[in-house]
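Have a look at the structure below, then the notes.
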Amino acid sequence: MSDTAPVVTVRNLSKKFCTQLRTSLWYGLRDIAAEAWPGAAPAPALRRAEFWSLHDLSFELRQGEALAIIGDNGAGKSTLLKLLNGLIKPDAGSIRLRGRVGALIELGAGLDPVLTGRENIFLRAALLGVGRAEVLPLLPTIIDFTGLDAAIEMPVQFYSSGMVARLAYAVAAHLHPDVLLVDEVLAVGDTDFQRKCIHHMLGYLAAGGSLILVSHQPYHIQAVCQRGLVLEKGRLAFAGTTTEALDYYFSHQAGAGAASELPDRTMPALSEARPVVIEHLALMGPGPVVQSGDDVLVTLTYQALRPVPGAVWGFLIYTGDGSTCITAAYPPEPVVLAAGRNQLICRLRGLPLTAGNYLVKAAIADFEHRHAIALWGWEDAPGRLHVEDAVSATKNSHKILQQLVTVEVEWN
């Protein structure tokens with residue numbers, strides 16, 4: 001690109017809000033007074049009942065780039081877009097924008113429900129600083145993009161949320177903004193309209209536009225954006241490529257544990273009523289963490305009061321919420337459990353689980369009657385197994401689809 005200067009520069013941006021209305025109004029009056037009189041300054045730190053919606057955020061966006069803002073609800077994503085669009089004022093830090101900004105932040109914002117769709121095109125354009133003379137040549141293209149047909153002559157108050165999204169996006173995106181800010185408004189559109197918007201965004205970026213996208217749809221993010229920022233409680237938690245940012249978000253959203261070895265727990269005492277107890281279960285890969293596709297060594301440690309002939313043991317792997325058994329394994333022939341503390345070992349070839357968190361249970365049973373002799377993870381909390389994989393778009397796709405296992409496929 002010939003122009004390498006950033007079109008958006010954000011430095012140490014912070015915004016705080018108050019949870020109590022009356023207190024917020026009082027703080028607002030004090031801050032206005034502090035700005036009006038020289039020598040006074042607004043409070044830089046949090047006051048009673050205040051919290052940081054955004055805190056000390058910095059980033060840049062260059063021409064032709066698309067940046068995804070990723071995070072849970074309440075992470076500060078919409079606050080950031082409102083600050084960038086000038087709808088609210090930052091408490092600290094700076095924002096520098098080059099060129100015209102187009103924004104789709106709140107569904108229906110800038111639309112008059114009494115006016116028709118056609119009339120609202122001119123109204124919304126005027127709010128974006130575009131005159132009627134500039135809009136007229138673009139009008140047929142905007143109306144065609146909305147797909148509203150005859151409904152364009154209807155008052156907007158009779159539109160569905162999807163129709164409002166079509167109208168709002170068509171106006172903002174076709175007025176040739178230098179920077180386009182897009183919040184979750186596309187989520188209410190149907191699949192065809194979402195596809196049309198993605199295609200338009202790609203064309204807009206290729207023509208030199210710059211885009212900041214907030215979405216909970218990973219497909220939209222991966223299709224459009226090259227870079228991503230992950231926000232957690234108003235702070236920048238991660239910055240990197242889109243693939244890396246989504247991987248970070250998915251991993252931390254799931255509360256990924258570190259353990260490839262499952263934790264110890266209090267072992268019940270041996271007795272005549274409980275002659276066998278399972279002391280420990282471990283699943284270990286060749287490295288420090290279990291990776292998808294690894295050969296995994298499964299080791300069950302037990303204690304037996306006396307030798308137990310005709311026993312069988314096995315383990316079961318469940319989804320992270322414990323609702324579904326993904327797989328289970330046990331040997332085809334019985335074994336003799338020796339008295340004392342001993343181990344039973346097997347090797348799981350090519351772990352087919354995708355990256356994620358799983359629950360593991362184990363059991364020792366009578367081979368002939370399948371009656372449980374000892375249980376692990378049934379009477380108490382099951383063990384937790386964390387499976388990792390290399391950062392990739394494929395790994396993100398597994399998370400998006402909630403895919404649990406992989407299969408070997410020979411493609412012709």
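Chain labels A, B, ... are given in the sequence in which chains occur in the structure tokens; within each chain residues are numbered consecutively from 1, and ligands are likewise numbered from 1 in the order shown.
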* Asked: Which of stretch 49-150 of chain A counts as alpha helix (DSSP H) under DSSP, as a PyMOL selection string please?
  -> chain A and resi 77-84+117-127+132-135+139-146
* Give me the residues within 12 Å of A:Ala273 as JSON, numbers by chain, counting only C-alpha atoms and dropping any in the same chain fewer than 3 places off. => {"A": [268, 269, 270, 276, 277, 304, 305, 373, 374]}
* To do: as number ranges by chain, list the residues of stretch 8-101 of chain A assigned to strand (DSSP E) by DSSP on the backbone atoms of this structure.
  => A: 8-18, 50-62, 66-70, 92-97, 101
* Calculate how many Å separate atom CA of A:Ile152 from atom CA of A:Gly131, rounding to one decimal. => 19.9 Å
* Excluding stretch 330-345 of chain A and any residue of its chain fewer than 5 positions from it, enumerate the residues within 7 Å of it, using only C-alpha atoms, and give them as a list in words. => Val298, Thr299, Leu300, Thr301, Tyr302, Gln303, Ala304, Leu305, Arg306, Pro307, Val308, Pro309, Gly310, Ala311, Val312, Trp313, Gly314, Phe315 and Phe367 of chain A
* In terms of the shortest atom-to-atom distance over only C-alpha atoms, which of A:His220, A:Arg370, A:Arg98, A:Lys77 is closest to A:Arg62? -> A:Arg98
* Neighbour list for A:Val405 as number ranges by chain, cut-off 6 Å, only C-alpha atoms, skip fewer than 3 positions in-chain -> A: 352-354
* Give me the residues within 8 Å of stretch 67-76 of chain A as a PyMOL selection string, counting only C-alpha atoms and dropping any in the same chain fewer than 4 places off. => chain A and resi 53-54+61+80+211-216+221+225-235+242+245-246+249
Let me see the file: selected residues, C-alpha atoms, as a compact mmCIF listing (two decimals), in the first residue's frame.
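Listed below is the output, result_11.txt:
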```txt
# COMPACT_ATOMS: atom_id res chain seq x y z
CA SER A 53 -15.74 -0.28 30.66
CA LEU A 54 -12.48 0.21 28.76
CA LEU A 61 -5.66 0.32 11.97
CA LEU A 80 -15.11 1.05 21.96
CA LEU A 211 -13.04 -1.94 8.84
CA ILE A 212 -13.51 -2.61 12.53
CA LEU A 213 -15.90 -5.52 13.11
CA VAL A 214 -17.56 -6.61 16.35
CA SER A 215 -19.25 -9.97 16.00
CA HIS A 216 -19.98 -13.16 17.91
CA ILE A 221 -14.54 -12.70 11.63
CA CYS A 225 -10.56 -9.77 9.25
CA GLN A 226 -6.79 -10.16 9.20
CA ARG A 227 -6.16 -9.15 12.83
CA GLY A 228 -8.04 -9.48 16.10
CA LEU A 229 -8.11 -7.94 19.56
CA VAL A 230 -9.54 -9.88 22.51
CA LEU A 231 -11.04 -7.76 25.28
CA GLU A 232 -11.63 -9.04 28.81
CA LYS A 233 -13.44 -6.75 31.24
CA GLY A 234 -12.41 -3.67 29.30
CA ARG A 235 -8.73 -4.54 29.00
CA THR A 242 -7.51 -13.48 13.49
CA ALA A 245 -7.14 -14.21 18.52
CA LEU A 246 -10.03 -16.64 18.04
CA TYR A 249 -10.76 -16.50 22.97
```
* Nearest to A:Lys89 by atom-to-atom distance, counting only C-alpha atoms, from A:Asp31, A:Glu119, A:Glu60, A:Glu279 ->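 The shortest atom-to-atom distance to A:Lys89 comes from A:Asp31.
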